[in-house]
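The structure under discussion appears below in the form of structure tokens.
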Amino acid sequence: MKYFSLENLVVVFGGLRAVSNVSVSLGRGEIHGLIGPNGAGKTSLINSVSGLIPLKSGRILIDGQPIQNLPPHRRAASGVGRTFQHAEIFGDQSVIDNVLTGGFAHRQSTWLQDLLGTPGKFAAERRAYRAAEQMLDAFGLLQLRDALAGDLPFGTLKKIDLARALLGKPQLLMLDEPTSGMNDTEAQDVIATCKRIAGGYGVTLLVIEHNMRVIMGLADIIHVLDHGEKIAEGKPEAIQKNPLVIEAYLGHGSANHA
Amino acid sequence: MPWYAGIGVLLLAAVVLPPQFGSYYHYLAGLTLINVILAVGLNLLTGNAGQASLCHSSFMAIGAYATTYLVTKFGLSYWLALPIGGMIAAMFGFALGFPALRLRGFYLAVVTLGFLELSTILIQQLPDITGGVRGIATPRPVMFGYVFSSDLAFYYVILAVALMAIWVAYSLLHSPTGRAFNAIRNSEAAAQTLAVPLARTKLIAFMVAAFFAGIGGGLFASLVGFIDPLEFGIWTSVRHIVFIVVGGLGSILGSILGAVVLTVLPETLRGFKEYNEFVFGGLLLVVLMTLPGGLAGLGPLLWSRVSRRSGSASQPVAKAQDVNLR
């Protein structure tokens, strides 16, 4: 029994089965990749795990505890974090405020303290700022601390999204194409930073990635989705040689992914 | 000059200047600060949490009647009655927050409009309580036997409450709860995945805004000396929205600037006589079209112009923040 298990997840949009009986188990601290052609159901899968879209059936277990009936914010509070394909940054807020929001799950003041402005609240606020600044520094964003997030390029927004999610110290962090909008060097840097911080917290990663070079070097195990179904699971070398995977990518003429 | 020195000068002016002027100005200054309280509260709900509300004046009415009756009928001290009036308004705000859990944008605006209609009809239909068209007389606070009967004395009470209101808003916006407000306005999806509870956050936002309005209503009733039941209609609510839109959505400074300018300006435009409202409307349009961040965006805009001319890096200009009208 692995620490995290997604069991027989089914997501249906109208009549379409976007995710069909997909099971994934992840051991603590492992890094798993999730790949597949466009429309394979990768984002739907992590949306259903974070609770943004409803599951038709299936169970999500953290250390044996089912969380699939919890609302999204309670799933996040119980340790499921994620980033977004389109970054979902709070555009009219500063970079530091975006990242600070990621620490909401570990806030040390109640809403009444927040209103009254007690000394304890301001002390908690200073600690939160330090943690957020360290996180920005790790991603090389400290000089953009007070910039308005909406004015920044997409690759930077992806880094802010990742820093924001990491500040919540999730147990399971799902990354949706974390390196899109970045060149190869940037991508390698971001992945290295993410791996270092995630490793420090003991975070388990489930990564959707289109950059094959990144994912093959990063993941311990890779799961392949096609048309909502899981067609393969294995170590990166095995996946690269798997005829089903090659067919899923090349057979549909989407050779640019392979 | 550091920013806190600027605030110190402003505060000193707010304390020292009023006695130099006549009683009409004391009344106007009190009214301005009450509008500041109302605008700061509404801006937290609308500008930060992104929840539209057209019934800010209903919460004002609740605070006004509650404070007045707690003092005149129940013999409570004004200093207790005012916060209790605010809390009663907050309870109604909490109740009204529930429709907001399911509705957004225009739909929510229509629900709050319904609440406003309901409250105005109740006020009209209960002349025994509201005193009908003549209204009811309101009390002024008393401290150690001293009655704050002059507008100048009562101005200082309002000033103290307004400063507390600004402090609360400042503390809130620099806290996890305040960041949760901004998060749910920007992206409910992202907010939830960061453990922000949508329902709870919206209910808190409605409660806080209603509390501010209740306090503002209580002070307003006492300043004017009687409660005019026609005061708490749609036009008053719309004026509050104009305050925060012109001042700058999501900004405390914007709330203050909007309320001050739009309370004082109509008075100074008296000289234009029948063209008064024409000039007022024209100025509104100019501000809205040229200053996307409202009056609060004027500072950063000028700063970036100045620093660009002197060759240093320009500051990003505040953008108009979208209120979720989807």
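Here, A, B, ... name the chains of the structure tokens in the order displayed, residue numbers run from 1 inside each chain, and ligands are numbered from 1 in the same displayed order.
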Chain B near chain A within 7 Å: what's each residue's closest atom pair and its distance in Å to one decimal, counting only C-alpha atoms, ordered by chain then ascending residue number, as CSV?
```
residue,atom,partner,partner_atom,distance
B:Val168,CA,A:Leu115,CA,5.2
B:Ser171,CA,A:Gly117,CA,5.1
B:Leu172,CA,A:Leu115,CA,5.0
B:Ser175,CA,A:Asp114,CA,5.7
B:Pro176,CA,A:Phe104,CA,5.9
B:Thr177,CA,A:Trp111,CA,6.0
B:Arg179,CA,A:Thr101,CA,5.9
B:Ala180,CA,A:Thr101,CA,6.9
B:Ala183,CA,A:Phe90,CA,6.5
B:Asn186,CA,A:Phe90,CA,5.3
B:Ser187,CA,A:Glu88,CA,6.7
B:Ala189,CA,A:Leu52,CA,6.8
B:Ala190,CA,A:Glu88,CA,6.1
B:Gln192,CA,A:His73,CA,4.7
B:Thr193,CA,A:Ala76,CA,5.4
B:Leu194,CA,A:Gly102,CA,5.6
B:Ala195,CA,A:His73,CA,4.0
B:Val196,CA,A:His73,CA,5.6
B:Pro197,CA,A:His73,CA,5.5
B:Pro316,CA,A:Leu148,CA,6.7
B:Lys319,CA,A:Asp92,CA,6.9
B:Gln321,CA,A:Asp92,CA,6.5
```
Residues within 7 Å of region 21-38 of chain B, only C-alpha atoms, excluding chain neighbours under 4 positions, as a ChimeraX atom specification: /B:42,151-152,155,158-159,162,165,212-213,216,220,255-256,259-260,263
Shell of 10 Å around Ile241 (chain B), only C-alpha atoms, local chain residues under 6 positions omitted, as a list in words: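 Final neighbour list, sorted by chain and number: Leu38, Ala39, Leu42, Asn43, Thr46, Gly47, Ala52, Ser53, Leu54, His56, Trp235, Gly247, Leu249, Ser255, Gly258 and Ala259 of chain B.
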Could those residues be written to a file, using N, CA and C atoms, as an mmCIF file, in the first residue's frame?
```cif
data_model
loop_
_atom_site.group_PDB
_atom_site.id
_atom_site.type_symbol
_atom_site.label_atom_id
_atom_site.label_comp_id
_atom_site.auth_asym_id
_atom_site.auth_seq_id
_atom_site.Cartn_x
_atom_site.Cartn_y
_atom_site.Cartn_z
ATOM 1 N N LEU B 38 -17.475 54.288 5.583
ATOM 2 C CA LEU B 38 -18.342 53.497 4.710
ATOM 3 C C LEU B 38 -17.579 52.999 3.492
ATOM 4 N N ALA B 39 -16.768 53.877 2.898
ATOM 5 C CA ALA B 39 -16.041 53.507 1.681
ATOM 6 C C ALA B 39 -14.984 52.444 1.982
ATOM 7 N N LEU B 42 -16.790 49.099 2.327
ATOM 8 C CA LEU B 42 -17.306 48.573 1.063
ATOM 9 C C LEU B 42 -16.169 48.121 0.155
ATOM 10 N N ASN B 43 -15.033 48.859 0.212
ATOM 11 C CA ASN B 43 -13.913 48.513 -0.661
ATOM 12 C C ASN B 43 -13.324 47.154 -0.291
ATOM 13 N N THR B 46 -15.946 44.766 -1.944
ATOM 14 C CA THR B 46 -16.060 44.817 -3.402
ATOM 15 C C THR B 46 -14.691 44.871 -4.084
ATOM 16 N N GLY B 47 -13.840 45.775 -3.612
ATOM 17 C CA GLY B 47 -12.543 45.949 -4.260
ATOM 18 C C GLY B 47 -11.590 44.798 -3.982
ATOM 19 N N ALA B 52 -19.945 42.092 -5.328
ATOM 20 C CA ALA B 52 -20.743 43.286 -5.585
ATOM 21 C C ALA B 52 -21.784 43.441 -4.485
ATOM 22 N N SER B 53 -22.025 44.680 -4.064
ATOM 23 C CA SER B 53 -23.072 44.919 -3.064
ATOM 24 C C SER B 53 -23.755 46.248 -3.332
ATOM 25 N N LEU B 54 -25.077 46.215 -3.443
ATOM 26 C CA LEU B 54 -25.851 47.438 -3.642
ATOM 27 C C LEU B 54 -26.634 47.791 -2.388
ATOM 28 N N HIS B 56 -25.242 48.568 0.773
ATOM 29 C CA HIS B 56 -24.440 49.138 1.844
ATOM 30 C C HIS B 56 -25.290 50.097 2.688
ATOM 31 N N TRP B 235 -29.725 55.443 -3.958
ATOM 32 C CA TRP B 235 -28.777 56.497 -4.333
ATOM 33 C C TRP B 235 -27.594 56.530 -3.370
ATOM 34 N N GLY B 247 -12.064 56.431 -6.282
ATOM 35 C CA GLY B 247 -10.890 56.472 -5.416
ATOM 36 C C GLY B 247 -9.867 55.423 -5.800
ATOM 37 N N LEU B 249 -10.284 50.895 -6.601
ATOM 38 C CA LEU B 249 -10.777 49.633 -6.038
ATOM 39 C C LEU B 249 -9.645 48.874 -5.369
ATOM 40 N N SER B 255 -10.113 54.413 -1.050
ATOM 41 C CA SER B 255 -11.378 54.619 -0.325
ATOM 42 C C SER B 255 -11.390 56.000 0.313
ATOM 43 N N GLY B 258 -11.430 58.825 -2.428
ATOM 44 C CA GLY B 258 -12.732 58.878 -3.091
ATOM 45 C C GLY B 258 -13.780 59.509 -2.189
ATOM 46 N N ALA B 259 -13.834 59.059 -0.932
ATOM 47 C CA ALA B 259 -14.847 59.582 -0.016
ATOM 48 C C ALA B 259 -14.610 61.062 0.262
#
```
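Using only C-alpha atoms, the nearest neighbour of Val110 (chain B) within the list B:Gln51, B:Ile123, B:Asn276, B:Arg200 is B:Gln51.
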Would you list the contacts of region 139-148 of chain B as a ChimeraX atom specification, taking every protein, DNA or RNA residue within 12 Å and counting only C-alpha atoms, but skipping same-chain residues closer than 6 positions in sequence? /B:64-73,75-82,154-158,218-227
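Residue-level DSSP output for region 83-152 of chain B, from the backbone, shows strand (DSSP E or B) at Ile136, Ala137, Val142, Met143, Tyr146 and Val147 of chain B.
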